Amino acid sequence: MYPFSFTKAPSTREALEAGRRGGRYIAGGTTLVDLMRETVERPETLVDISGLPLDEITVTERGGLRIGALVTMSEAAAHRKVRTTYPVVSQALELSASAQLRNMATIGGNIMQRTRCTYFRDVTAACNKREPGSGCAAREGYNRTHAILGTSEDCVATHPSDAAVAFAALEARVHLLGPGGERAVPFAEFLLRPGRTPNREQALTKGELITAVEIPAYPRPLKSGYLKVRDRQSYEFALTSAAVALHIRGGVIREAKVAAGGVGTVPWKLPAVERALIGERPSERLWARAAASAADGARPLKHNRFKVELLQRTVERQLRIVGDNA
Ligand code: SF4
């Protein structure tokens, strides 16, 4: 460790003021403290926001759900409205980490968590995300767990959050508060692909604070679920995952929301899969045909070619699980 200052924000206004001066927000600390121990992150000032009133789950006027940024993963996963309305979110959260971590980690922190690329966490390795311009050790190194979609010459790391995949599928919005006021950003625009600046990961301006994630209302019934494929059955990050939500009425799929995890530099929305489903009647043939386009545009690396077929199979299987129960 190294010296840093720590301050607990007594109010949102004071938190924003500290953030504007360059303070780094911390709540559960389950990612940031690890990274500080490994000296991957070296913030000079930590601003503890855990006491701010951002810990409620409320139904929006339009019938969607607003999850406060400081709601813990455990609380969100167990919340009756989340479980009954958007089980895909509950399942993604429960499959994310150990119970101890889920009790500490917050929704805001979960979508802000940083990649598990081992080279990023090894301060002796070249890593453009940690140290811009230093190179990418993963490109020529061992890249079995890395991304096949949304990569750039400068970075091929996956985004590690499961909940973010569910939020991306459901086209959630991230509510932000900063020196310039409030705004809401579509989830697809909040997390940034690496491009030439993999060190810039979110569409946040200096001092901005996540206040909530809002999931829009969907027609009922909406069946949904999350499937995570990994090397072992618990406490492991996804090799591939699929978040699926379907609204089927009169035997026809009217709404389809699908995203994949473990394969993209950001949670990967699958619009071609969604288009293939809408207006069709559920069938084994449909699930296979729609999932066939799940890996369109993939650029696998030396060690992760298996992810192309694994992704198609993961999406097909989750379409079947959700669709057959709809
Ligand atoms: Fe760093 Fe990204 Fe390369 Fe990993 S994949 S070493 S995070 S630049």
# chains A, B, ... in the order shown; residues from 1 in each chain; ligands from 1
call {"tool": "residues_near_ligand", "arguments": {"ligand": "ligand 1", "cutoff": "7 Å", "atoms": "only C-alpha atoms and all ligand atoms", "output": "PDB file with N, CA and C atoms, in the first residue's frame"}}
result
ATOM      1  N   THR A 115     -11.486  -4.707 -15.482  1.00  0.00           N
ATOM      2  CA  THR A 115     -11.301  -6.009 -16.109  1.00  0.00           C
ATOM      3  C   THR A 115     -10.474  -6.971 -15.245  1.00  0.00           C
ATOM      4  N   CYS A 117      -8.399  -9.045 -16.696  1.00  0.00           N
ATOM      5  CA  CYS A 117      -7.206  -9.370 -17.491  1.00  0.00           C
ATOM      6  C   CYS A 117      -6.003  -9.459 -16.548  1.00  0.00           C
ATOM      7  N   THR A 118      -5.328 -10.589 -16.563  1.00  0.00           N
ATOM      8  CA  THR A 118      -4.237 -10.796 -15.594  1.00  0.00           C
ATOM      9  C   THR A 118      -3.077  -9.829 -15.836  1.00  0.00           C
ATOM     10  N   TYR A 119      -2.901  -9.419 -17.078  1.00  0.00           N
ATOM     11  CA  TYR A 119      -1.801  -8.490 -17.374  1.00  0.00           C
ATOM     12  C   TYR A 119      -2.113  -7.091 -16.837  1.00  0.00           C
ATOM     13  N   PHE A 120      -3.393  -6.756 -16.808  1.00  0.00           N
ATOM     14  CA  PHE A 120      -3.802  -5.473 -16.221  1.00  0.00           C
ATOM     15  C   PHE A 120      -3.451  -5.443 -14.736  1.00  0.00           C
ATOM     16  N   ALA A 126       3.120  -5.059 -19.783  1.00  0.00           N
ATOM     17  CA  ALA A 126       2.669  -3.947 -20.620  1.00  0.00           C
ATOM     18  C   ALA A 126       1.148  -3.956 -20.684  1.00  0.00           C
ATOM     19  N   CYS A 127       0.536  -2.812 -20.449  1.00  0.00           N
ATOM     20  CA  CYS A 127      -0.929  -2.751 -20.445  1.00  0.00           C
ATOM     21  C   CYS A 127      -1.376  -1.324 -20.741  1.00  0.00           C
ATOM     22  N   ASN A 128      -1.983  -1.162 -21.915  1.00  0.00           N
ATOM     23  CA  ASN A 128      -2.462   0.176 -22.305  1.00  0.00           C
ATOM     24  C   ASN A 128      -3.584   0.692 -21.410  1.00  0.00           C
ATOM     25  N   LYS A 129      -4.319  -0.217 -20.821  1.00  0.00           N
ATOM     26  CA  LYS A 129      -5.426   0.214 -19.952  1.00  0.00           C
ATOM     27  C   LYS A 129      -4.884   0.798 -18.650  1.00  0.00           C
ATOM     28  N   ARG A 130      -3.857   0.148 -18.110  1.00  0.00           N
ATOM     29  CA  ARG A 130      -3.266   0.638 -16.856  1.00  0.00           C
ATOM     30  C   ARG A 130      -2.295   1.770 -17.111  1.00  0.00           C
ATOM     31  N   GLY A 135       1.615  -0.698 -24.382  1.00  0.00           N
ATOM     32  CA  GLY A 135       1.426  -1.927 -25.154  1.00  0.00           C
ATOM     33  C   GLY A 135       0.369  -2.810 -24.525  1.00  0.00           C
ATOM     34  N   CYS A 136       0.159  -3.979 -25.152  1.00  0.00           N
ATOM     35  CA  CYS A 136      -0.860  -4.914 -24.650  1.00  0.00           C
ATOM     36  C   CYS A 136      -0.250  -6.311 -24.596  1.00  0.00           C
ATOM     37  N   ALA A 137       0.103  -6.744 -23.400  1.00  0.00           N
ATOM     38  CA  ALA A 137       0.748  -8.054 -23.246  1.00  0.00           C
ATOM     39  C   ALA A 137      -0.181  -9.196 -23.612  1.00  0.00           C
ATOM     40  N   ALA A 138      -1.483  -8.963 -23.523  1.00  0.00           N
ATOM     41  CA  ALA A 138      -2.440 -10.038 -23.794  1.00  0.00           C
ATOM     42  C   ALA A 138      -2.510 -10.393 -25.275  1.00  0.00           C
ATOM     43  N   ARG A 139      -2.260  -9.453 -26.144  1.00  0.00           N
ATOM     44  CA  ARG A 139      -2.386  -9.716 -27.592  1.00  0.00           C
ATOM     45  C   ARG A 139      -1.500 -10.887 -28.013  1.00  0.00           C
ATOM     46  N   ASP A 154      -5.348  -1.954 -29.351  1.00  0.00           N
ATOM     47  CA  ASP A 154      -4.763  -1.529 -28.073  1.00  0.00           C
ATOM     48  C   ASP A 154      -5.246  -2.311 -26.858  1.00  0.00           C
ATOM     49  N   CYS A 155      -6.363  -3.008 -26.977  1.00  0.00           N
ATOM     50  CA  CYS A 155      -6.882  -3.736 -25.805  1.00  0.00           C
ATOM     51  C   CYS A 155      -7.906  -4.785 -26.232  1.00  0.00           C
ATOM     52  N   VAL A 156      -7.825  -5.955 -25.587  1.00  0.00           N
ATOM     53  CA  VAL A 156      -8.744  -7.060 -25.905  1.00  0.00           C
ATOM     54  C   VAL A 156      -9.374  -7.628 -24.622  1.00  0.00           C
ATOM     55  N   ALA A 157      -9.438  -6.799 -23.600  1.00  0.00           N
ATOM     56  CA  ALA A 157      -9.942  -7.283 -22.305  1.00  0.00           C
ATOM     57  C   ALA A 157     -11.465  -7.306 -22.278  1.00  0.00           C
ATOM     58  N   PRO A 198      -8.048   2.642 -24.176  1.00  0.00           N
ATOM     59  CA  PRO A 198      -8.652   1.637 -23.281  1.00  0.00           C
ATOM     60  C   PRO A 198      -8.649   2.047 -21.813  1.00  0.00           C
TER      61      PRO A 198
END
call {"tool": "residues_around", "arguments": {"residues": "region 28-30 of chain A", "least_positions_apart": "4", "cutoff": "8 Å", "atoms": "only C-alpha atoms", "output": "mmCIF file with N, CA, C and O atoms, in the first residue's frame"}}
result
data_model
loop_
_atom_site.group_PDB
_atom_site.id
_atom_site.type_symbol
_atom_site.label_atom_id
_atom_site.label_comp_id
_atom_site.auth_asym_id
_atom_site.auth_seq_id
_atom_site.Cartn_x
_atom_site.Cartn_y
_atom_site.Cartn_z
ATOM 1 N N ASP A 34 -8.770 -3.967 -3.691
ATOM 2 C CA ASP A 34 -7.886 -4.993 -4.284
ATOM 3 C C ASP A 34 -6.854 -4.355 -5.195
ATOM 4 O O ASP A 34 -5.662 -4.661 -5.142
ATOM 5 N N SER A 50 -20.618 5.828 0.917
ATOM 6 C CA SER A 50 -21.542 4.775 1.358
ATOM 7 C C SER A 50 -22.692 5.301 2.220
ATOM 8 O O SER A 50 -23.693 4.608 2.389
ATOM 9 N N LEU A 101 -18.987 -11.023 -0.899
ATOM 10 C CA LEU A 101 -18.756 -9.898 -1.817
ATOM 11 C C LEU A 101 -20.074 -9.239 -2.203
ATOM 12 O O LEU A 101 -20.179 -8.013 -2.255
ATOM 13 N N MET A 104 -21.299 -6.697 0.197
ATOM 14 C CA MET A 104 -20.544 -5.437 0.267
ATOM 15 C C MET A 104 -20.676 -4.617 -1.016
ATOM 16 O O MET A 104 -20.810 -3.388 -0.970
ATOM 17 N N ALA A 105 -20.585 -5.285 -2.143
ATOM 18 C CA ALA A 105 -20.493 -4.581 -3.423
ATOM 19 C C ALA A 105 -21.830 -3.938 -3.797
ATOM 20 O O ALA A 105 -22.895 -4.494 -3.541
ATOM 21 N N THR A 106 -21.760 -2.794 -4.418
ATOM 22 C CA THR A 106 -22.970 -2.052 -4.778
ATOM 23 C C THR A 106 -23.235 -2.160 -6.282
ATOM 24 O O THR A 106 -22.357 -2.528 -7.066
ATOM 25 N N GLY A 109 -20.940 0.238 -8.124
ATOM 26 C CA GLY A 109 -19.581 -0.299 -8.176
ATOM 27 C C GLY A 109 -19.482 -1.490 -9.110
ATOM 28 O O GLY A 109 -18.472 -1.684 -9.789
#
call {"tool": "residues_around", "arguments": {"residues": "Ala168 (chain A)", "least_positions_apart": "5", "cutoff": "7 Å", "atoms": "only C-alpha atoms", "output": "PDB file with all heavy atoms, in the first residue's frame"}}
result
ATOM      1  N   PHE A 187     -27.446   2.553 -21.401  1.00  0.00           N
ATOM      2  CA  PHE A 187     -26.389   1.644 -20.946  1.00  0.00           C
ATOM      3  C   PHE A 187     -25.368   1.379 -22.055  1.00  0.00           C
ATOM      4  O   PHE A 187     -24.170   1.297 -21.811  1.00  0.00           O
ATOM      5  CB  PHE A 187     -26.995   0.330 -20.446  1.00  0.00           C
ATOM      6  CG  PHE A 187     -26.128  -0.333 -19.432  1.00  0.00           C
ATOM      7  CD1 PHE A 187     -26.207   0.028 -18.094  1.00  0.00           C
ATOM      8  CD2 PHE A 187     -25.195  -1.264 -19.805  1.00  0.00           C
ATOM      9  CE1 PHE A 187     -25.368  -0.540 -17.161  1.00  0.00           C
ATOM     10  CE2 PHE A 187     -24.349  -1.842 -18.867  1.00  0.00           C
ATOM     11  CZ  PHE A 187     -24.440  -1.473 -17.548  1.00  0.00           C
ATOM     12  N   ALA A 188     -25.866   1.263 -23.279  1.00  0.00           N
ATOM     13  CA  ALA A 188     -24.978   0.955 -24.410  1.00  0.00           C
ATOM     14  C   ALA A 188     -23.944   2.055 -24.638  1.00  0.00           C
ATOM     15  O   ALA A 188     -22.907   1.816 -25.262  1.00  0.00           O
ATOM     16  CB  ALA A 188     -25.804   0.752 -25.673  1.00  0.00           C
ATOM     17  N   ALA A 259     -28.386 -10.104 -24.766  1.00  0.00           N
ATOM     18  CA  ALA A 259     -27.006  -9.610 -24.705  1.00  0.00           C
ATOM     19  C   ALA A 259     -26.104 -10.742 -24.203  1.00  0.00           C
ATOM     20  O   ALA A 259     -26.572 -11.695 -23.583  1.00  0.00           O
ATOM     21  CB  ALA A 259     -26.894  -8.391 -23.790  1.00  0.00           C
ATOM     22  N   PRO A 267     -20.380  -5.279 -22.300  1.00  0.00           N
ATOM     23  CA  PRO A 267     -21.504  -6.217 -22.452  1.00  0.00           C
ATOM     24  C   PRO A 267     -22.033  -6.110 -23.875  1.00  0.00           C
ATOM     25  O   PRO A 267     -22.246  -5.005 -24.382  1.00  0.00           O
ATOM     26  CB  PRO A 267     -22.523  -5.705 -21.437  1.00  0.00           C
ATOM     27  CG  PRO A 267     -21.703  -4.986 -20.418  1.00  0.00           C
ATOM     28  CD  PRO A 267     -20.563  -4.358 -21.166  1.00  0.00           C
ATOM     29  N   LYS A 269     -24.550  -6.418 -26.775  1.00  0.00           N
ATOM     30  CA  LYS A 269     -25.939  -6.512 -27.224  1.00  0.00           C
ATOM     31  C   LYS A 269     -25.970  -7.281 -28.543  1.00  0.00           C
ATOM     32  O   LYS A 269     -25.072  -7.123 -29.383  1.00  0.00           O
ATOM     33  CB  LYS A 269     -26.461  -5.090 -27.403  1.00  0.00           C
ATOM     34  CG  LYS A 269     -27.939  -5.001 -27.674  1.00  0.00           C
ATOM     35  CD  LYS A 269     -28.767  -5.111 -26.427  1.00  0.00           C
ATOM     36  CE  LYS A 269     -30.155  -4.502 -26.610  1.00  0.00           C
ATOM     37  NZ  LYS A 269     -31.215  -5.389 -26.141  1.00  0.00           N
TER      38      LYS A 269
END
call {"tool": "closest_residue", "arguments": {"among": "A:Phe190, A:Tyr142, A:Trp287, A:Tyr226", "to": "Tyr86 (chain A)", "atoms": "only C-alpha atoms"}}
result
A:Tyr226
call {"tool": "atom_distance", "arguments": {"atom1": "CA of Gly64 (chain A)", "atom2": "CA of Gly264 (chain A)"}}
result
26.8 Å
call {"tool": "closest_residue", "arguments": {"among": "A:Arg116, A:Ile107, A:Pro271, A:Ala203", "to": "Ala169 (chain A)", "atoms": "only C-alpha atoms"}}
result
A:Pro271
call {"tool": "atom_distance", "arguments": {"atom1": "CA of His247 (chain A)", "atom2": "CA of Arg83 (chain A)"}}
result
16.6 Å
call {"tool": "atom_distance", "arguments": {"atom1": "CA of Glu309 (chain A)", "atom2": "CA of Leu239 (chain A)"}}
result
11.6 Å
call {"tool": "select_by_dssp", "arguments": {"residues": "region 33-167 of chain A", "states": "strand (DSSP E or B)", "output": "ChimeraX atom specification"}}
result
/A:45-48,57-59,65-68,72,106,127,136,149,152,155
call {"tool": "write_last_selection", "arguments": {"atoms": "N, CA, C and O atoms", "output": "PDB file, in the first residue's frame"}}
result
ATOM      1  N   THR A  45      -6.866  10.482  -3.138  1.00  0.00           N
ATOM      2  CA  THR A  45      -7.945  10.774  -2.180  1.00  0.00           C
ATOM      3  C   THR A  45      -9.128   9.853  -2.457  1.00  0.00           C
ATOM      4  O   THR A  45      -9.593   9.762  -3.596  1.00  0.00           O
ATOM      5  N   LEU A  46      -9.577   9.186  -1.405  1.00  0.00           N
ATOM      6  CA  LEU A  46     -10.786   8.378  -1.518  1.00  0.00           C
ATOM      7  C   LEU A  46     -11.938   9.118  -0.847  1.00  0.00           C
ATOM      8  O   LEU A  46     -11.784   9.651   0.253  1.00  0.00           O
ATOM      9  N   VAL A  47     -13.073   9.116  -1.515  1.00  0.00           N
ATOM     10  CA  VAL A  47     -14.264   9.765  -0.970  1.00  0.00           C
ATOM     11  C   VAL A  47     -15.295   8.674  -0.723  1.00  0.00           C
ATOM     12  O   VAL A  47     -15.855   8.098  -1.671  1.00  0.00           O
ATOM     13  N   ASP A  48     -15.549   8.386   0.536  1.00  0.00           N
ATOM     14  CA  ASP A  48     -16.494   7.329   0.896  1.00  0.00           C
ATOM     15  C   ASP A  48     -17.917   7.842   0.719  1.00  0.00           C
ATOM     16  O   ASP A  48     -18.343   8.761   1.424  1.00  0.00           O
ATOM     17  N   ILE A  57     -34.732   0.933  -3.998  1.00  0.00           N
ATOM     18  CA  ILE A  57     -35.258   0.400  -5.256  1.00  0.00           C
ATOM     19  C   ILE A  57     -36.702   0.870  -5.365  1.00  0.00           C
ATOM     20  O   ILE A  57     -37.504   0.616  -4.462  1.00  0.00           O
ATOM     21  N   THR A  58     -37.013   1.583  -6.428  1.00  0.00           N
ATOM     22  CA  THR A  58     -38.366   2.126  -6.563  1.00  0.00           C
ATOM     23  C   THR A  58     -38.933   1.812  -7.948  1.00  0.00           C
ATOM     24  O   THR A  58     -38.193   1.677  -8.922  1.00  0.00           O
ATOM     25  N   VAL A  59     -40.255   1.737  -7.994  1.00  0.00           N
ATOM     26  CA  VAL A  59     -40.943   1.565  -9.279  1.00  0.00           C
ATOM     27  C   VAL A  59     -41.115   2.941  -9.893  1.00  0.00           C
ATOM     28  O   VAL A  59     -41.538   3.882  -9.217  1.00  0.00           O
ATOM     29  N   LEU A  65     -38.109   0.063 -13.221  1.00  0.00           N
ATOM     30  CA  LEU A  65     -37.504  -0.098 -11.895  1.00  0.00           C
ATOM     31  C   LEU A  65     -36.246   0.751 -11.832  1.00  0.00           C
ATOM     32  O   LEU A  65     -35.434   0.741 -12.760  1.00  0.00           O
ATOM     33  N   ARG A  66     -36.119   1.487 -10.731  1.00  0.00           N
ATOM     34  CA  ARG A  66     -34.935   2.319 -10.533  1.00  0.00           C
ATOM     35  C   ARG A  66     -34.176   1.748  -9.335  1.00  0.00           C
ATOM     36  O   ARG A  66     -34.690   1.694  -8.220  1.00  0.00           O
ATOM     37  N   ILE A  67     -32.964   1.303  -9.587  1.00  0.00           N
ATOM     38  CA  ILE A  67     -32.141   0.696  -8.539  1.00  0.00           C
ATOM     39  C   ILE A  67     -31.063   1.686  -8.156  1.00  0.00           C
ATOM     40  O   ILE A  67     -30.204   2.049  -8.978  1.00  0.00           O
ATOM     41  N   GLY A  68     -31.097   2.148  -6.899  1.00  0.00           N
ATOM     42  CA  GLY A  68     -30.114   3.121  -6.437  1.00  0.00           C
ATOM     43  C   GLY A  68     -28.698   2.569  -6.539  1.00  0.00           C
ATOM     44  O   GLY A  68     -28.462   1.365  -6.363  1.00  0.00           O
ATOM     45  N   THR A  72     -26.911  -2.797  -2.450  1.00  0.00           N
ATOM     46  CA  THR A  72     -25.904  -3.848  -2.601  1.00  0.00           C
ATOM     47  C   THR A  72     -26.399  -4.904  -3.605  1.00  0.00           C
ATOM     48  O   THR A  72     -27.606  -5.034  -3.863  1.00  0.00           O
ATOM     49  N   THR A 106     -21.760  -2.794  -4.418  1.00  0.00           N
ATOM     50  CA  THR A 106     -22.970  -2.052  -4.778  1.00  0.00           C
ATOM     51  C   THR A 106     -23.235  -2.160  -6.282  1.00  0.00           C
ATOM     52  O   THR A 106     -22.357  -2.528  -7.066  1.00  0.00           O
ATOM     53  N   CYS A 127       0.536  -2.812 -20.449  1.00  0.00           N
ATOM     54  CA  CYS A 127      -0.929  -2.751 -20.445  1.00  0.00           C
ATOM     55  C   CYS A 127      -1.376  -1.324 -20.741  1.00  0.00           C
ATOM     56  O   CYS A 127      -1.193  -0.428 -19.919  1.00  0.00           O
ATOM     57  N   CYS A 136       0.159  -3.979 -25.152  1.00  0.00           N
ATOM     58  CA  CYS A 136      -0.860  -4.914 -24.650  1.00  0.00           C
ATOM     59  C   CYS A 136      -0.250  -6.311 -24.596  1.00  0.00           C
ATOM     60  O   CYS A 136      -0.098  -6.966 -25.634  1.00  0.00           O
ATOM     61  N   LEU A 149     -15.106  -9.777 -29.307  1.00  0.00           N
ATOM     62  CA  LEU A 149     -15.966  -8.753 -29.909  1.00  0.00           C
ATOM     63  C   LEU A 149     -15.627  -7.386 -29.310  1.00  0.00           C
ATOM     64  O   LEU A 149     -15.384  -7.268 -28.100  1.00  0.00           O
ATOM     65  N   SER A 152      -9.796  -3.858 -29.893  1.00  0.00           N
ATOM     66  CA  SER A 152      -9.012  -2.933 -30.710  1.00  0.00           C
ATOM     67  C   SER A 152      -7.568  -3.405 -30.689  1.00  0.00           C
ATOM     68  O   SER A 152      -7.215  -4.319 -29.934  1.00  0.00           O
ATOM     69  N   CYS A 155      -6.363  -3.008 -26.977  1.00  0.00           N
ATOM     70  CA  CYS A 155      -6.882  -3.736 -25.805  1.00  0.00           C
ATOM     71  C   CYS A 155      -7.906  -4.785 -26.232  1.00  0.00           C
ATOM     72  O   CYS A 155      -8.753  -4.518 -27.096  1.00  0.00           O
TER      73      CYS A 155
END
call {"tool": "residues_around", "arguments": {"residues": "region 160-165 of chain A", "least_positions_apart": "5", "cutoff": "10 Å", "atoms": "only C-alpha atoms", "output": "PyMOL selection string"}}
result
chain A and resi 73+77+88-97+107+109-117+170-172+187-188+191+226-228+237-239+241-244+258-269
call {"tool": "write_last_selection", "arguments": {"atoms": "N, CA and C atoms", "output": "short mmCIF file (atom, residue, chain, number, x, y, z; two decimals), in the first residue's frame"}}
result
data_model
loop_
_atom_site.label_atom_id
_atom_site.label_comp_id
_atom_site.auth_asym_id
_atom_site.auth_seq_id
_atom_site.Cartn_x
_atom_site.Cartn_y
_atom_site.Cartn_z
N MET A 73 -25.46 -5.67 -4.10
CA MET A 73 -25.83 -6.73 -5.05
C MET A 73 -26.80 -7.70 -4.40
N ALA A 77 -30.56 -8.44 -5.71
CA ALA A 77 -30.90 -9.80 -6.16
C ALA A 77 -32.10 -10.36 -5.41
N VAL A 88 -33.79 -11.99 -14.79
CA VAL A 88 -32.47 -11.98 -15.43
C VAL A 88 -31.47 -11.16 -14.61
N VAL A 89 -31.95 -10.11 -13.96
CA VAL A 89 -31.05 -9.27 -13.14
C VAL A 89 -30.69 -10.01 -11.86
N SER A 90 -31.69 -10.59 -11.20
CA SER A 90 -31.43 -11.35 -9.97
C SER A 90 -30.44 -12.47 -10.22
N GLN A 91 -30.68 -13.21 -11.30
CA GLN A 91 -29.81 -14.37 -11.59
C GLN A 91 -28.39 -13.92 -11.91
N ALA A 92 -28.25 -12.85 -12.68
CA ALA A 92 -26.91 -12.36 -13.03
C ALA A 92 -26.17 -11.93 -11.76
N LEU A 93 -26.88 -11.28 -10.85
CA LEU A 93 -26.23 -10.84 -9.60
C LEU A 93 -25.83 -12.04 -8.74
N GLU A 94 -26.72 -13.01 -8.64
CA GLU A 94 -26.41 -14.16 -7.78
C GLU A 94 -25.29 -15.02 -8.33
N LEU A 95 -25.11 -15.00 -9.62
CA LEU A 95 -24.04 -15.79 -10.23
C LEU A 95 -22.71 -15.02 -10.27
N SER A 96 -22.71 -13.82 -9.71
CA SER A 96 -21.56 -12.93 -9.89
C SER A 96 -20.37 -13.21 -8.98
N ALA A 97 -20.63 -13.46 -7.71
CA ALA A 97 -19.53 -13.48 -6.75
C ALA A 97 -19.97 -14.22 -5.50
N ILE A 107 -24.44 -1.79 -6.67
CA ILE A 107 -24.81 -1.82 -8.09
C ILE A 107 -23.94 -0.85 -8.89
N GLY A 109 -20.94 0.24 -8.12
CA GLY A 109 -19.58 -0.30 -8.18
C GLY A 109 -19.48 -1.49 -9.11
N ASN A 110 -20.53 -2.28 -9.17
CA ASN A 110 -20.51 -3.47 -10.02
C ASN A 110 -20.33 -3.10 -11.49
N ILE A 111 -21.05 -2.08 -11.94
CA ILE A 111 -20.90 -1.74 -13.36
C ILE A 111 -19.62 -0.95 -13.62
N MET A 112 -19.01 -0.44 -12.53
CA MET A 112 -17.74 0.30 -12.68
C MET A 112 -16.53 -0.62 -12.53
N GLN A 113 -16.75 -1.90 -12.21
CA GLN A 113 -15.59 -2.75 -11.91
C GLN A 113 -14.68 -2.90 -13.11
N ARG A 114 -13.43 -3.15 -12.84
CA ARG A 114 -12.44 -3.16 -13.91
C ARG A 114 -12.13 -4.59 -14.36
N THR A 115 -11.49 -4.71 -15.48
CA THR A 115 -11.30 -6.01 -16.11
C THR A 115 -10.47 -6.97 -15.25
N ARG A 116 -10.69 -8.26 -15.49
CA ARG A 116 -9.90 -9.29 -14.80
C ARG A 116 -8.70 -9.73 -15.63
N CYS A 117 -8.40 -9.04 -16.70
CA CYS A 117 -7.21 -9.37 -17.49
C CYS A 117 -6.00 -9.46 -16.55
N LEU A 170 -31.58 -5.37 -21.26
CA LEU A 170 -32.85 -4.70 -20.97
C LEU A 170 -32.85 -3.22 -21.33
N GLU A 171 -31.74 -2.77 -21.90
CA GLU A 171 -31.61 -1.37 -22.35
C GLU A 171 -31.88 -0.39 -21.21
N ALA A 172 -31.20 -0.66 -20.10
CA ALA A 172 -31.29 0.21 -18.93
C ALA A 172 -30.62 1.55 -19.21
N PHE A 187 -27.45 2.55 -21.40
CA PHE A 187 -26.39 1.64 -20.95
C PHE A 187 -25.37 1.38 -22.05
N ALA A 188 -25.87 1.26 -23.28
CA ALA A 188 -24.98 0.96 -24.41
C ALA A 188 -23.94 2.06 -24.64
N LEU A 191 -20.74 2.31 -20.99
CA LEU A 191 -19.46 1.60 -20.99
C LEU A 191 -18.84 1.73 -22.37
N TYR A 226 -30.71 -15.61 -17.01
CA TYR A 226 -29.28 -15.41 -17.29
C TYR A 226 -28.57 -16.75 -17.19
N LEU A 227 -27.76 -17.03 -18.20
CA LEU A 227 -26.96 -18.27 -18.21
C LEU A 227 -25.49 -17.89 -18.26
N LYS A 228 -24.71 -18.49 -17.36
CA LYS A 228 -23.28 -18.17 -17.28
C LYS A 228 -22.48 -19.46 -17.45
N PHE A 237 -15.38 -16.01 -13.28
CA PHE A 237 -15.90 -15.09 -14.29
C PHE A 237 -16.35 -15.87 -15.52
N ALA A 238 -17.19 -15.23 -16.33
CA ALA A 238 -17.81 -15.95 -17.45
C ALA A 238 -16.82 -16.14 -18.59
N LEU A 239 -16.86 -17.36 -19.16
CA LEU A 239 -16.25 -17.55 -20.48
C LEU A 239 -17.21 -16.99 -21.52
N SER A 241 -21.66 -15.76 -21.51
CA SER A 241 -22.93 -15.72 -20.79
C SER A 241 -23.99 -15.14 -21.72
N ALA A 242 -25.24 -15.36 -21.36
CA ALA A 242 -26.33 -14.82 -22.18
C ALA A 242 -27.46 -14.34 -21.27
N ALA A 243 -27.90 -13.11 -21.50
CA ALA A 243 -29.07 -12.55 -20.83
C ALA A 243 -30.17 -12.46 -21.88
N VAL A 244 -31.31 -13.07 -21.57
CA VAL A 244 -32.41 -13.14 -22.54
C VAL A 244 -33.71 -12.72 -21.87
N VAL A 258 -31.63 -9.37 -25.92
CA VAL A 258 -30.57 -10.37 -25.76
C VAL A 258 -29.21 -9.68 -25.71
N ALA A 259 -28.39 -10.10 -24.77
CA ALA A 259 -27.01 -9.61 -24.71
C ALA A 259 -26.10 -10.74 -24.20
N ALA A 260 -24.82 -10.60 -24.51
CA ALA A 260 -23.85 -11.64 -24.13
C ALA A 260 -22.75 -11.04 -23.27
N GLY A 261 -22.19 -11.88 -22.41
CA GLY A 261 -21.06 -11.47 -21.57
C GLY A 261 -19.90 -12.43 -21.73
N GLY A 262 -18.74 -12.01 -21.25
CA GLY A 262 -17.55 -12.86 -21.31
C GLY A 262 -16.88 -12.86 -22.67
N VAL A 263 -17.47 -12.17 -23.62
CA VAL A 263 -16.95 -12.21 -25.00
C VAL A 263 -16.63 -10.83 -25.56
N GLY A 264 -17.15 -9.79 -24.93
CA GLY A 264 -16.96 -8.44 -25.48
C GLY A 264 -16.15 -7.56 -24.55
N THR A 265 -15.59 -6.51 -25.12
CA THR A 265 -14.90 -5.52 -24.29
C THR A 265 -15.90 -4.72 -23.47
N VAL A 266 -17.14 -4.79 -23.88
CA VAL A 266 -18.27 -4.27 -23.09
C VAL A 266 -19.37 -5.33 -23.17
N PRO A 267 -20.38 -5.28 -22.30
CA PRO A 267 -21.50 -6.22 -22.45
C PRO A 267 -22.03 -6.11 -23.87
N TRP A 268 -22.24 -7.26 -24.51
CA TRP A 268 -22.44 -7.24 -25.96
C TRP A 268 -23.89 -7.49 -26.34
N LYS A 269 -24.55 -6.42 -26.77
CA LYS A 269 -25.94 -6.51 -27.22
C LYS A 269 -25.97 -7.28 -28.54
#
call {"tool": "select_by_dssp", "arguments": {"residues": "region 38-259 of chain A", "states": "alpha helix (DSSP H)", "output": "ChimeraX atom specification"}}
result
/A:73-78,80-85,87-94,99-104,107-112,137-140,163-169,187-190
call {"tool": "residues_around", "arguments": {"residues": "Glu140 (chain A)", "least_positions_apart": "4", "cutoff": "10 Å", "atoms": "only C-alpha atoms", "output": "PyMOL selection string"}}
result
chain A and resi 136+301-303
call {"tool": "decode", "arguments": {"residues": "region 174-178 of chain A", "atoms": "N, CA and C atoms", "output": "compact mmCIF listing (two decimals), in the first residue's frame"}}
result
# COMPACT_ATOMS: atom_id res chain seq x y z
N VAL A 174 -28.30 4.68 -17.20
CA VAL A 174 -27.51 4.99 -16.01
C VAL A 174 -27.74 6.46 -15.67
N HIS A 175 -28.21 6.69 -14.44
CA HIS A 175 -28.44 8.07 -14.00
C HIS A 175 -27.19 8.62 -13.33
N LEU A 176 -26.81 9.82 -13.74
CA LEU A 176 -25.57 10.42 -13.26
C LEU A 176 -25.86 11.80 -12.68
N LEU A 177 -25.04 12.17 -11.70
CA LEU A 177 -25.14 13.51 -11.11
C LEU A 177 -23.73 14.06 -11.04
N GLY A 178 -23.56 15.26 -11.55
CA GLY A 178 -22.22 15.85 -11.54
C GLY A 178 -22.28 17.35 -11.39
